[in-house]
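File shown here: my_file19.txt, holding compact mmCIF, C-alpha atoms (C1' of nucleotides).
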# COMPACT_ATOMS: atom_id res chain seq x y z
CA MET A 1048 30.94 11.50 18.53
CA HIS A 1049 31.46 9.19 15.58
CA ALA A 1050 34.26 8.06 13.37
CA TYR A 1051 35.20 10.29 10.46
CA PRO A 1052 34.80 9.74 7.62
CA PRO A 1053 31.56 7.94 8.40
CA PRO A 1054 31.82 4.30 7.33
CA VAL A 1055 29.89 3.12 4.30
CA LEU A 1056 27.21 0.64 5.31
CA PRO A 1057 28.46 -2.83 4.27
CA ALA A 1058 26.50 -5.69 2.77
CA SER A 1059 26.19 -7.26 6.21
CA PHE A 1060 24.16 -4.24 7.33
CA TYR A 1061 21.56 -4.95 4.64
CA GLN A 1062 21.55 -8.71 5.06
CA ARG A 1063 19.26 -8.59 8.08
CA HIS A 1064 15.48 -8.51 8.46
CA SER A 1065 13.89 -5.67 6.46
CA LEU A 1066 12.28 -4.17 9.55
CA THR A 1067 15.59 -3.97 11.35
CA VAL A 1068 17.28 -2.41 8.33
CA ALA A 1069 14.43 0.08 7.89
CA ARG A 1070 14.80 1.13 11.51
CA ASP A 1071 18.57 1.42 11.41
CA LEU A 1072 18.62 3.39 8.15
CA LEU A 1073 16.92 6.36 9.82
CA GLY A 1074 19.54 9.02 10.46
CA CYS A 1075 21.98 7.56 7.96
CA ARG A 1076 23.24 9.57 5.01
CA LEU A 1077 22.24 8.65 1.47
CA VAL A 1078 24.97 9.72 -0.95
CA ARG A 1079 24.75 9.98 -4.75
CA ARG A 1080 27.63 10.69 -7.12
CA LEU A 1081 26.33 12.03 -10.43
CA PRO A 1082 27.98 11.12 -13.73
CA ASP A 1083 29.70 14.53 -13.81
CA GLY A 1084 31.22 13.93 -10.37
CA ALA A 1085 28.91 16.14 -8.34
CA VAL A 1086 27.92 14.68 -4.96
CA LEU A 1087 24.43 14.85 -3.47
CA SER A 1088 23.49 13.69 -0.01
CA GLY A 1089 20.72 13.73 2.53
CA ARG A 1090 19.73 12.30 5.88
CA ILE A 1091 17.23 9.45 5.69
CA VAL A 1092 14.09 10.34 7.66
CA GLU A 1093 11.46 7.92 6.33
CA THR A 1094 11.56 4.25 5.28
CA GLU A 1095 9.19 1.33 4.71
CA ALA A 1096 9.93 -2.38 5.15
CA TYR A 1097 8.80 -5.06 2.70
CA THR A 1098 9.15 -8.79 3.22
CA PRO A 1099 8.26 -11.67 0.86
CA ASP A 1100 5.31 -12.96 2.89
CA ASP A 1101 3.70 -9.52 2.54
CA PRO A 1102 1.22 -9.48 -0.39
CA SER A 1103 2.11 -5.85 -1.13
CA CYS A 1104 5.77 -6.76 -1.65
CA HIS A 1105 6.85 -6.83 -5.30
CA ALA A 1106 8.59 -10.13 -4.63
CA HIS A 1107 5.56 -11.77 -3.05
CA ARG A 1108 4.54 -13.71 -6.17
CA GLY A 1109 8.02 -14.86 -6.97
CA GLU A 1110 10.72 -13.57 -9.25
CA SER A 1111 9.73 -11.28 -12.13
CA PRO A 1112 11.72 -9.13 -14.58
CA ARG A 1113 10.80 -5.97 -12.70
CA ALA A 1114 11.70 -7.20 -9.22
CA ARG A 1115 14.55 -9.54 -10.02
CA SER A 1116 17.02 -7.36 -8.11
CA MET A 1117 15.11 -8.10 -4.93
CA PHE A 1118 16.22 -11.71 -5.17
CA GLN A 1119 19.89 -10.81 -5.01
CA ALA A 1120 21.66 -10.68 -1.66
CA GLY A 1121 21.16 -7.50 0.36
CA GLY A 1122 23.41 -4.55 -0.47
CA ILE A 1123 22.20 -3.43 -3.92
CA ALA A 1124 19.56 -1.01 -5.17
CA TYR A 1125 16.09 -1.96 -6.40
CA VAL A 1126 14.60 0.85 -8.49
CA TYR A 1127 11.23 0.67 -10.22
CA LEU A 1128 8.90 2.95 -12.16
CA ILE A 1129 5.57 3.75 -10.59
CA TYR A 1130 2.44 5.35 -12.05
CA GLY A 1131 4.25 5.51 -15.36
CA MET A 1132 6.15 8.64 -14.34
CA TYR A 1133 8.07 8.36 -11.09
CA HIS A 1134 10.79 6.15 -9.74
CA CYS A 1135 11.13 4.66 -6.26
CA LEU A 1136 14.42 3.74 -4.60
CA ASN A 1137 14.70 0.63 -2.45
CA VAL A 1138 17.67 -1.09 -0.88
CA VAL A 1139 17.60 -4.86 -1.17
CA THR A 1140 17.76 -6.59 2.21
CA GLN A 1141 18.14 -10.04 3.72
CA ALA A 1142 19.73 -13.01 1.97
CA ALA A 1143 19.81 -13.95 -1.69
CA SER A 1144 16.62 -15.54 -3.12
CA GLN A 1145 14.40 -14.19 -0.33
CA GLY A 1146 12.92 -11.10 -2.02
CA ALA A 1147 12.96 -8.36 0.61
CA ALA A 1148 13.69 -4.63 0.50
CA VAL A 1149 13.35 -1.28 2.23
CA LEU A 1150 11.77 1.67 0.39
CA ILE A 1151 13.53 4.96 1.08
CA ARG A 1152 10.69 7.48 1.13
CA ALA A 1153 12.27 10.76 2.21
CA ILE A 1154 15.55 12.45 2.99
CA GLU A 1155 16.51 15.77 4.50
CA PRO A 1156 18.75 17.41 1.88
CA LEU A 1157 22.36 18.09 2.92
CA ASP A 1158 24.90 18.33 0.07
CA GLY A 1159 24.08 19.44 -3.47
CA VAL A 1160 20.85 21.25 -2.70
CA ASP A 1161 21.21 23.46 -5.76
CA ARG A 1162 21.63 20.48 -8.06
CA MET A 1163 18.57 18.85 -6.53
CA ALA A 1164 16.54 22.01 -7.05
CA ASP A 1165 17.66 22.13 -10.70
CA ALA A 1166 16.63 18.53 -11.26
CA ARG A 1167 13.24 19.12 -9.61
CA GLY A 1168 12.60 22.53 -11.10
CA ILE A 1169 11.59 23.95 -7.74
CA SER A 1170 13.22 26.03 -5.02
CA SER A 1171 11.53 24.82 -1.84
CA VAL A 1172 14.15 22.72 -0.03
CA ARG A 1173 11.42 21.06 1.98
CA ASP A 1174 9.82 19.64 -1.18
CA LEU A 1175 13.04 18.36 -2.81
CA ALA A 1176 12.90 14.81 -1.46
CA ARG A 1177 9.71 14.59 0.63
CA GLY A 1178 8.34 11.40 -0.92
CA PRO A 1179 9.93 8.57 -2.90
CA GLY A 1180 9.24 9.99 -6.37
CA ARG A 1181 10.61 13.39 -5.45
CA LEU A 1182 13.67 11.85 -3.86
CA CYS A 1183 14.51 9.97 -7.05
CA GLN A 1184 14.00 13.07 -9.16
CA SER A 1185 16.32 15.10 -6.93
CA PHE A 1186 18.96 12.38 -6.88
CA GLN A 1187 18.59 11.54 -10.60
CA ILE A 1188 17.79 7.92 -9.85
CA ASP A 1189 16.06 5.74 -12.44
CA ARG A 1190 16.04 2.14 -13.62
CA ALA A 1191 19.63 2.53 -14.81
CA LEU A 1192 20.59 2.19 -11.15
CA ASP A 1193 18.49 -0.92 -10.59
CA GLY A 1194 20.68 -3.74 -9.33
CA THR A 1195 23.76 -1.58 -8.73
CA CYS A 1196 25.98 -2.09 -5.73
CA ILE A 1197 25.57 0.42 -2.88
CA THR A 1198 28.29 -0.71 -0.48
CA ALA A 1199 31.33 1.27 -1.67
CA THR A 1200 32.14 4.89 -2.48
CA ASP A 1201 32.92 4.02 -6.10
CA CYS A 1202 29.28 3.03 -6.58
CA PRO A 1203 26.87 5.61 -8.03
CA LEU A 1204 24.98 5.44 -4.74
CA TRP A 1205 25.81 4.41 -1.19
CA ILE A 1206 24.79 5.04 2.42
CA GLN A 1207 26.96 6.18 5.30
CA SER A 1208 26.21 5.45 8.92
CA GLY A 1209 24.88 8.33 10.97
CA GLU A 1210 24.39 9.34 14.54
CA PRO A 1211 22.30 6.52 16.08
CA LEU A 1212 18.71 7.62 16.75
CA PRO A 1213 17.12 6.68 20.09
CA ASP A 1214 13.80 4.82 19.89
CA VAL A 1215 11.85 7.77 21.31
CA VAL A 1216 12.67 9.79 18.18
CA VAL A 1217 11.26 7.06 15.90
CA ALA A 1218 7.56 6.46 15.17
CA GLN A 1219 5.96 3.56 13.31
CA THR A 1220 2.87 3.98 11.13
CA PRO A 1221 1.03 2.00 8.46
CA ARG A 1222 2.70 2.19 5.07
CA ILE A 1223 1.54 4.70 2.47
CA GLY A 1224 -0.59 3.58 -0.47
CA ILE A 1225 -0.95 -0.05 0.60
CA ASN A 1226 -4.36 -1.46 -0.32
CA VAL A 1227 -4.12 -5.21 -0.71
CA SER A 1228 -5.00 -7.09 2.46
CA PRO A 1229 -6.18 -5.95 5.90
CA ALA A 1230 -3.03 -7.28 7.50
CA ALA A 1231 -0.75 -5.52 5.01
CA ILE A 1232 -2.74 -2.29 5.38
CA ALA A 1233 -2.48 -2.42 9.17
CA ALA A 1234 1.16 -3.45 9.47
CA PRO A 1235 3.05 -0.51 11.04
CA TRP A 1236 6.09 -0.92 8.85
CA ARG A 1237 6.65 2.70 7.90
CA LEU A 1238 9.29 4.27 10.09
CA ILE A 1239 9.71 8.02 10.43
CA VAL A 1240 11.80 10.47 12.39
CA ARG A 1241 9.39 12.23 14.74
CA GLU A 1242 8.62 15.88 14.13
CA ASN A 1243 10.91 16.10 11.15
CA GLY A 1244 9.62 18.49 8.48
CA PHE A 1245 11.11 16.46 5.63
CA VAL A 1246 8.90 13.41 6.24
CA SER A 1247 6.16 12.85 3.62
CA GLY A 1248 2.48 12.30 4.34
CA THR A 1249 -0.27 14.24 6.05
CA SER A 1250 -0.18 15.05 9.74
CA ARG A 1251 -2.79 12.34 10.19
CA GLN A 1252 -0.64 9.76 8.41
CA ASN A 1253 2.22 10.72 10.68
CA GLN A 1254 0.36 10.07 13.93
CA GLY A 1255 2.30 6.93 14.62
CA GLN A 1256 2.89 4.78 17.64
CA SER A 1257 6.18 4.98 19.43
CA TYR A 1258 8.71 2.60 17.99
CA THR A 1259 8.60 -0.71 19.87
CA PRO A 1260 10.91 -3.36 18.45
CA THR A 1261 8.89 -6.30 19.75
CA PRO A 1262 9.25 -9.75 18.17
CA ASP A 1263 5.57 -9.87 17.18
CA TRP A 1264 6.36 -7.38 14.42
CA PHE A 1265 7.82 -10.27 12.55
CA ASP A 1266 4.56 -12.23 12.58
CA ARG A 1267 2.09 -9.53 11.67
CA LEU A 1268 1.38 -10.64 8.12
C1' DT B 764 -3.84 -9.32 -27.23
C1' DA B 765 -6.46 -6.83 -23.71
C1' DT B 766 -7.38 -4.71 -19.44
C1' DA B 767 -6.72 -3.02 -14.68
C1' DT B 768 -3.82 -1.08 -11.49
C1' DG B 769 -0.22 1.10 -8.82
C1' DA B 770 5.18 1.41 -2.48
C1' DT B 771 3.04 8.96 -6.64
C1' DC B 772 2.89 13.81 -7.50
C1' DC B 773 0.80 18.08 -8.71
C1' DC B 774 -2.72 21.25 -9.34
C1' DC B 775 -7.28 22.50 -8.42
C1' DT B 776 -11.08 23.57 -5.29
C1' DG C 1216 -9.31 16.23 -0.19
C1' DG C 1217 -10.18 15.02 -5.00
C1' DG C 1218 -8.96 13.90 -9.76
C1' DG C 1219 -5.87 13.57 -13.79
C1' DA C 1220 -1.39 12.37 -15.78
C1' DT C 1221 0.79 8.34 -17.83
C1' DC C 1222 2.80 3.60 -18.76
C1' DA C 1223 5.33 -0.66 -17.17
C1' DT C 1224 3.86 -4.63 -15.23
C1' DA C 1225 0.87 -8.25 -13.84
C1' DT C 1226 -2.82 -11.01 -14.79
C1' DA C 1227 -6.41 -12.83 -17.45
C1' DA C 1228 -8.33 -14.45 -21.68
Starting from the file, give its structure as structure tokens.
Amino acid sequence: MHAYPPPVLPASFYQRHSLTVARDLLGCRLVRRLPDGAVLSGRIVETEAYTPDDPSCHAHRGESPRARSMFQAGGIAYVYLIYGMYHCLNVVTQAASQGAAVLIRAIEPLDGVDRMADARGISSVRDLARGPGRLCQSFQIDRALDGTCITATDCPLWIQSGEPLPDVVVAQTPRIGINVSPAAIAAPWRLIVRENGFVSGTSRQNQGQSYTPTPDWFDRL
DNA sequence: TATATGATCCCCT
DNA sequence: GGGGATCATATAA
């Protein structure tokens, strides 16, 4: 049982440690209003946490034109282009000037499935948003949304709270595509909903440990 | 200015 | 499970 309509996650939700935000975003609903008014949404099933002391974090080497949004206070979007062809959606976390974010890697499509399929040029619902590049293509997210507010329903993008997920449903694994330092490679900062078919990665990559919110997470890097 | 690389995806085998 | 597409960005010279 939860309040209806589900509350939009406020800035205070994002202005916490990236790992905590990444964990709590699972099960929440990502909502996108397109320029023509159409609404898309999906349940977040996969996230990754990035913090400034992590060498794989885009903010690690200080502020840059690409990652400047990460240095704003939590509660806005950070969108960047990767491999010259795909976009990735992050939510900025923690306090201003820190440089932290959570990458949203996959959602389970809910509203606007047909529009997502049109944008992707495919029909398989499972493949619409299984991976960060696919998600952005389905939701029509690009650099135009970088730095935009995500804490109100008059924003182009926002997130609504969902049914809280118990820890047993959440697994933690190493992040995908990280190749900088042994510590960054090993850090289990990718969070997924267990046995959810809309999570990206191979079955091997999804063999994670049970989620254990121990304090030593915060000192892994 | 020049070069290497990447928080990826898709198609091929 | 391996390689190509494709280019903004970072870093070096």
Find the residues in chain A near chain B: any atom within 10 Å counts, using only C-alpha atoms (C1' of nucleotides). Write them as an mmCIF file with C-alpha atoms, in the coordinates of the input.
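Result file follows (selection24.cif):
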data_model
loop_
_atom_site.group_PDB
_atom_site.id
_atom_site.type_symbol
_atom_site.label_atom_id
_atom_site.label_comp_id
_atom_site.auth_asym_id
_atom_site.auth_seq_id
_atom_site.Cartn_x
_atom_site.Cartn_y
_atom_site.Cartn_z
ATOM 1 C CA GLU A 1095 9.190 1.330 4.710
ATOM 2 C CA ALA A 1096 9.930 -2.380 5.150
ATOM 3 C CA TYR A 1097 8.800 -5.060 2.700
ATOM 4 C CA SER A 1103 2.110 -5.850 -1.130
ATOM 5 C CA CYS A 1104 5.770 -6.760 -1.650
ATOM 6 C CA HIS A 1105 6.850 -6.830 -5.300
ATOM 7 C CA TYR A 1127 11.230 0.670 -10.220
ATOM 8 C CA LEU A 1128 8.900 2.950 -12.160
ATOM 9 C CA ILE A 1129 5.570 3.750 -10.590
ATOM 10 C CA TYR A 1130 2.440 5.350 -12.050
ATOM 11 C CA GLY A 1131 4.250 5.510 -15.360
ATOM 12 C CA MET A 1132 6.150 8.640 -14.340
ATOM 13 C CA TYR A 1133 8.070 8.360 -11.090
ATOM 14 C CA HIS A 1134 10.790 6.150 -9.740
ATOM 15 C CA CYS A 1135 11.130 4.660 -6.260
ATOM 16 C CA LEU A 1136 14.420 3.740 -4.600
ATOM 17 C CA ASN A 1137 14.700 0.630 -2.450
ATOM 18 C CA VAL A 1149 13.350 -1.280 2.230
ATOM 19 C CA LEU A 1150 11.770 1.670 0.390
ATOM 20 C CA ILE A 1151 13.530 4.960 1.080
ATOM 21 C CA ARG A 1152 10.690 7.480 1.130
ATOM 22 C CA GLY A 1178 8.340 11.400 -0.920
ATOM 23 C CA PRO A 1179 9.930 8.570 -2.900
ATOM 24 C CA GLY A 1180 9.240 9.990 -6.370
ATOM 25 C CA ARG A 1181 10.610 13.390 -5.450
ATOM 26 C CA ARG A 1222 2.700 2.190 5.070
ATOM 27 C CA ILE A 1223 1.540 4.700 2.470
ATOM 28 C CA GLY A 1224 -0.590 3.580 -0.470
ATOM 29 C CA ILE A 1225 -0.950 -0.050 0.600
ATOM 30 C CA ASN A 1226 -4.360 -1.460 -0.320
#
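Separating atom CA of Leu1212 of chain A from atom CA of Asp1100 of chain A is a distance of 28.2 Å.
If you look at atom CA of Gln1062 of chain A and atom CA of Gly1121 of chain A, they are 4.9 Å away from each other.
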- Please check which residues have atoms at most 9 Å from (26.5, 12.6, 9.4) in the file's coordinates, counting only C-alpha atoms (C1' of nucleotides), and write them as an MDAnalysis selection string. chainID A and resid 1049 1052:1053 1074:1076 1090 1207:1210
- One-decimal distance in Å that lies between atom CA of Ala1069 of chain A and atom CA of Ser1247 of chain A: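 A separation of 15.8 Å between them.
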- Item | chain A contacts on chain C, all atoms listed in the file, 8 Å, as a ChimeraX atom specification | /C:1221-1224
When you get a chance, write out all heavy atoms for segment 1248-1259 of chain A, as a PDB file, keeping the file's coordinate frame.
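File written: rebuild-v5.pdb
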ATOM      1  N   GLY A1248       3.760  12.670   3.726  1.00  0.00           N
ATOM      2  CA  GLY A1248       2.480  12.300   4.340  1.00  0.00           C
ATOM      3  C   GLY A1248       1.799  13.440   5.069  1.00  0.00           C
ATOM      4  O   GLY A1248       2.415  14.452   5.386  1.00  0.00           O
ATOM      5  N   THR A1249       0.506  13.244   5.320  1.00  0.00           N
ATOM      6  CA  THR A1249      -0.270  14.240   6.050  1.00  0.00           C
ATOM      7  C   THR A1249       0.004  14.111   7.543  1.00  0.00           C
ATOM      8  O   THR A1249       0.549  13.095   7.993  1.00  0.00           O
ATOM      9  CB  THR A1249      -1.762  14.040   5.797  1.00  0.00           C
ATOM     10  OG1 THR A1249      -2.127  12.756   6.328  1.00  0.00           O
ATOM     11  CG2 THR A1249      -2.082  14.055   4.325  1.00  0.00           C
ATOM     12  N   SER A1250      -0.389  15.109   8.298  1.00  0.00           N
ATOM     13  CA  SER A1250      -0.180  15.050   9.740  1.00  0.00           C
ATOM     14  C   SER A1250      -0.902  13.837  10.323  1.00  0.00           C
ATOM     15  O   SER A1250      -0.415  13.193  11.246  1.00  0.00           O
ATOM     16  CB  SER A1250      -0.693  16.325  10.410  1.00  0.00           C
ATOM     17  OG  SER A1250      -2.053  16.514  10.103  1.00  0.00           O
ATOM     18  N   ARG A1251      -2.044  13.507   9.735  1.00  0.00           N
ATOM     19  CA  ARG A1251      -2.790  12.340  10.190  1.00  0.00           C
ATOM     20  C   ARG A1251      -2.011  11.054   9.944  1.00  0.00           C
ATOM     21  O   ARG A1251      -1.948  10.162  10.795  1.00  0.00           O
ATOM     22  CB  ARG A1251      -4.130  12.320   9.444  1.00  0.00           C
ATOM     23  CG  ARG A1251      -5.074  11.214   9.836  1.00  0.00           C
ATOM     24  CD  ARG A1251      -6.197  11.163   8.790  1.00  0.00           C
ATOM     25  NE  ARG A1251      -6.856   9.867   8.794  1.00  0.00           N
ATOM     26  CZ  ARG A1251      -8.085   9.674   9.279  1.00  0.00           C
ATOM     27  NH1 ARG A1251      -8.739  10.679   9.832  1.00  0.00           N
ATOM     28  NH2 ARG A1251      -8.626   8.492   9.222  1.00  0.00           N
ATOM     29  N   GLN A1252      -1.418  10.958   8.747  1.00  0.00           N
ATOM     30  CA  GLN A1252      -0.640   9.760   8.410  1.00  0.00           C
ATOM     31  C   GLN A1252       0.610   9.647   9.276  1.00  0.00           C
ATOM     32  O   GLN A1252       1.187   8.579   9.377  1.00  0.00           O
ATOM     33  CB  GLN A1252      -0.231   9.792   6.933  1.00  0.00           C
ATOM     34  CG  GLN A1252      -1.390   9.537   5.975  1.00  0.00           C
ATOM     35  CD  GLN A1252      -1.010   9.796   4.528  1.00  0.00           C
ATOM     36  OE1 GLN A1252      -0.325  10.758   4.224  1.00  0.00           O
ATOM     37  NE2 GLN A1252      -1.447   8.930   3.642  1.00  0.00           N
ATOM     38  N   ASN A1253       0.998  10.744   9.882  1.00  0.00           N
ATOM     39  CA  ASN A1253       2.220  10.720  10.680  1.00  0.00           C
ATOM     40  C   ASN A1253       1.957  10.610  12.175  1.00  0.00           C
ATOM     41  O   ASN A1253       2.859  10.776  12.987  1.00  0.00           O
ATOM     42  CB  ASN A1253       3.077  11.954  10.349  1.00  0.00           C
ATOM     43  CG  ASN A1253       3.613  11.883   8.935  1.00  0.00           C
ATOM     44  OD1 ASN A1253       3.762  10.795   8.372  1.00  0.00           O
ATOM     45  ND2 ASN A1253       3.883  13.027   8.342  1.00  0.00           N
ATOM     46  N   GLN A1254       0.692  10.335  12.535  1.00  0.00           N
ATOM     47  CA  GLN A1254       0.360  10.070  13.930  1.00  0.00           C
ATOM     48  C   GLN A1254       0.675   8.615  14.242  1.00  0.00           C
ATOM     49  O   GLN A1254      -0.204   7.777  14.297  1.00  0.00           O
ATOM     50  CB  GLN A1254      -1.126  10.325  14.200  1.00  0.00           C
ATOM     51  CG  GLN A1254      -1.594  11.738  13.941  1.00  0.00           C
ATOM     52  CD  GLN A1254      -0.920  12.756  14.846  1.00  0.00           C
ATOM     53  OE1 GLN A1254      -0.425  12.411  15.917  1.00  0.00           O
ATOM     54  NE2 GLN A1254      -0.872  14.002  14.417  1.00  0.00           N
ATOM     55  N   GLY A1255       1.928   8.317  14.415  1.00  0.00           N
ATOM     56  CA  GLY A1255       2.300   6.930  14.620  1.00  0.00           C
ATOM     57  C   GLY A1255       2.479   6.563  16.078  1.00  0.00           C
ATOM     58  O   GLY A1255       2.495   7.432  16.955  1.00  0.00           O
ATOM     59  N   GLN A1256       2.560   5.274  16.307  1.00  0.00           N
ATOM     60  CA  GLN A1256       2.890   4.780  17.640  1.00  0.00           C
ATOM     61  C   GLN A1256       4.383   4.946  17.875  1.00  0.00           C
ATOM     62  O   GLN A1256       5.153   5.042  16.932  1.00  0.00           O
ATOM     63  CB  GLN A1256       2.524   3.294  17.754  1.00  0.00           C
ATOM     64  CG  GLN A1256       1.081   2.975  17.416  1.00  0.00           C
ATOM     65  CD  GLN A1256       0.128   3.644  18.391  1.00  0.00           C
ATOM     66  OE1 GLN A1256       0.310   3.564  19.598  1.00  0.00           O
ATOM     67  NE2 GLN A1256      -0.885   4.337  17.870  1.00  0.00           N
ATOM     68  N   SER A1257       4.765   4.969  19.115  1.00  0.00           N
ATOM     69  CA  SER A1257       6.180   4.980  19.430  1.00  0.00           C
ATOM     70  C   SER A1257       6.805   3.677  18.934  1.00  0.00           C
ATOM     71  O   SER A1257       6.165   2.624  18.971  1.00  0.00           O
ATOM     72  CB  SER A1257       6.396   5.102  20.942  1.00  0.00           C
ATOM     73  OG  SER A1257       5.956   6.368  21.368  1.00  0.00           O
ATOM     74  N   TYR A1258       8.020   3.784  18.494  1.00  0.00           N
ATOM     75  CA  TYR A1258       8.710   2.600  17.990  1.00  0.00           C
ATOM     76  C   TYR A1258       8.920   1.595  19.113  1.00  0.00           C
ATOM     77  O   TYR A1258       9.488   1.907  20.157  1.00  0.00           O
ATOM     78  CB  TYR A1258      10.052   3.005  17.387  1.00  0.00           C
ATOM     79  CG  TYR A1258      10.896   1.824  16.983  1.00  0.00           C
ATOM     80  CD1 TYR A1258      10.655   1.148  15.796  1.00  0.00           C
ATOM     81  CD2 TYR A1258      11.937   1.385  17.801  1.00  0.00           C
ATOM     82  CE1 TYR A1258      11.426   0.067  15.429  1.00  0.00           C
ATOM     83  CE2 TYR A1258      12.717   0.305  17.435  1.00  0.00           C
ATOM     84  CZ  TYR A1258      12.457  -0.343  16.250  1.00  0.00           C
ATOM     85  OH  TYR A1258      13.216  -1.407  15.893  1.00  0.00           O
ATOM     86  N   THR A1259       8.421   0.376  18.896  1.00  0.00           N
ATOM     87  CA  THR A1259       8.600  -0.710  19.870  1.00  0.00           C
ATOM     88  C   THR A1259       9.068  -1.944  19.134  1.00  0.00           C
ATOM     89  O   THR A1259       8.278  -2.610  18.459  1.00  0.00           O
ATOM     90  CB  THR A1259       7.292  -1.016  20.615  1.00  0.00           C
ATOM     91  OG1 THR A1259       6.267  -1.192  19.638  1.00  0.00           O
ATOM     92  CG2 THR A1259       6.914   0.087  21.549  1.00  0.00           C
TER      93      THR A1259
END
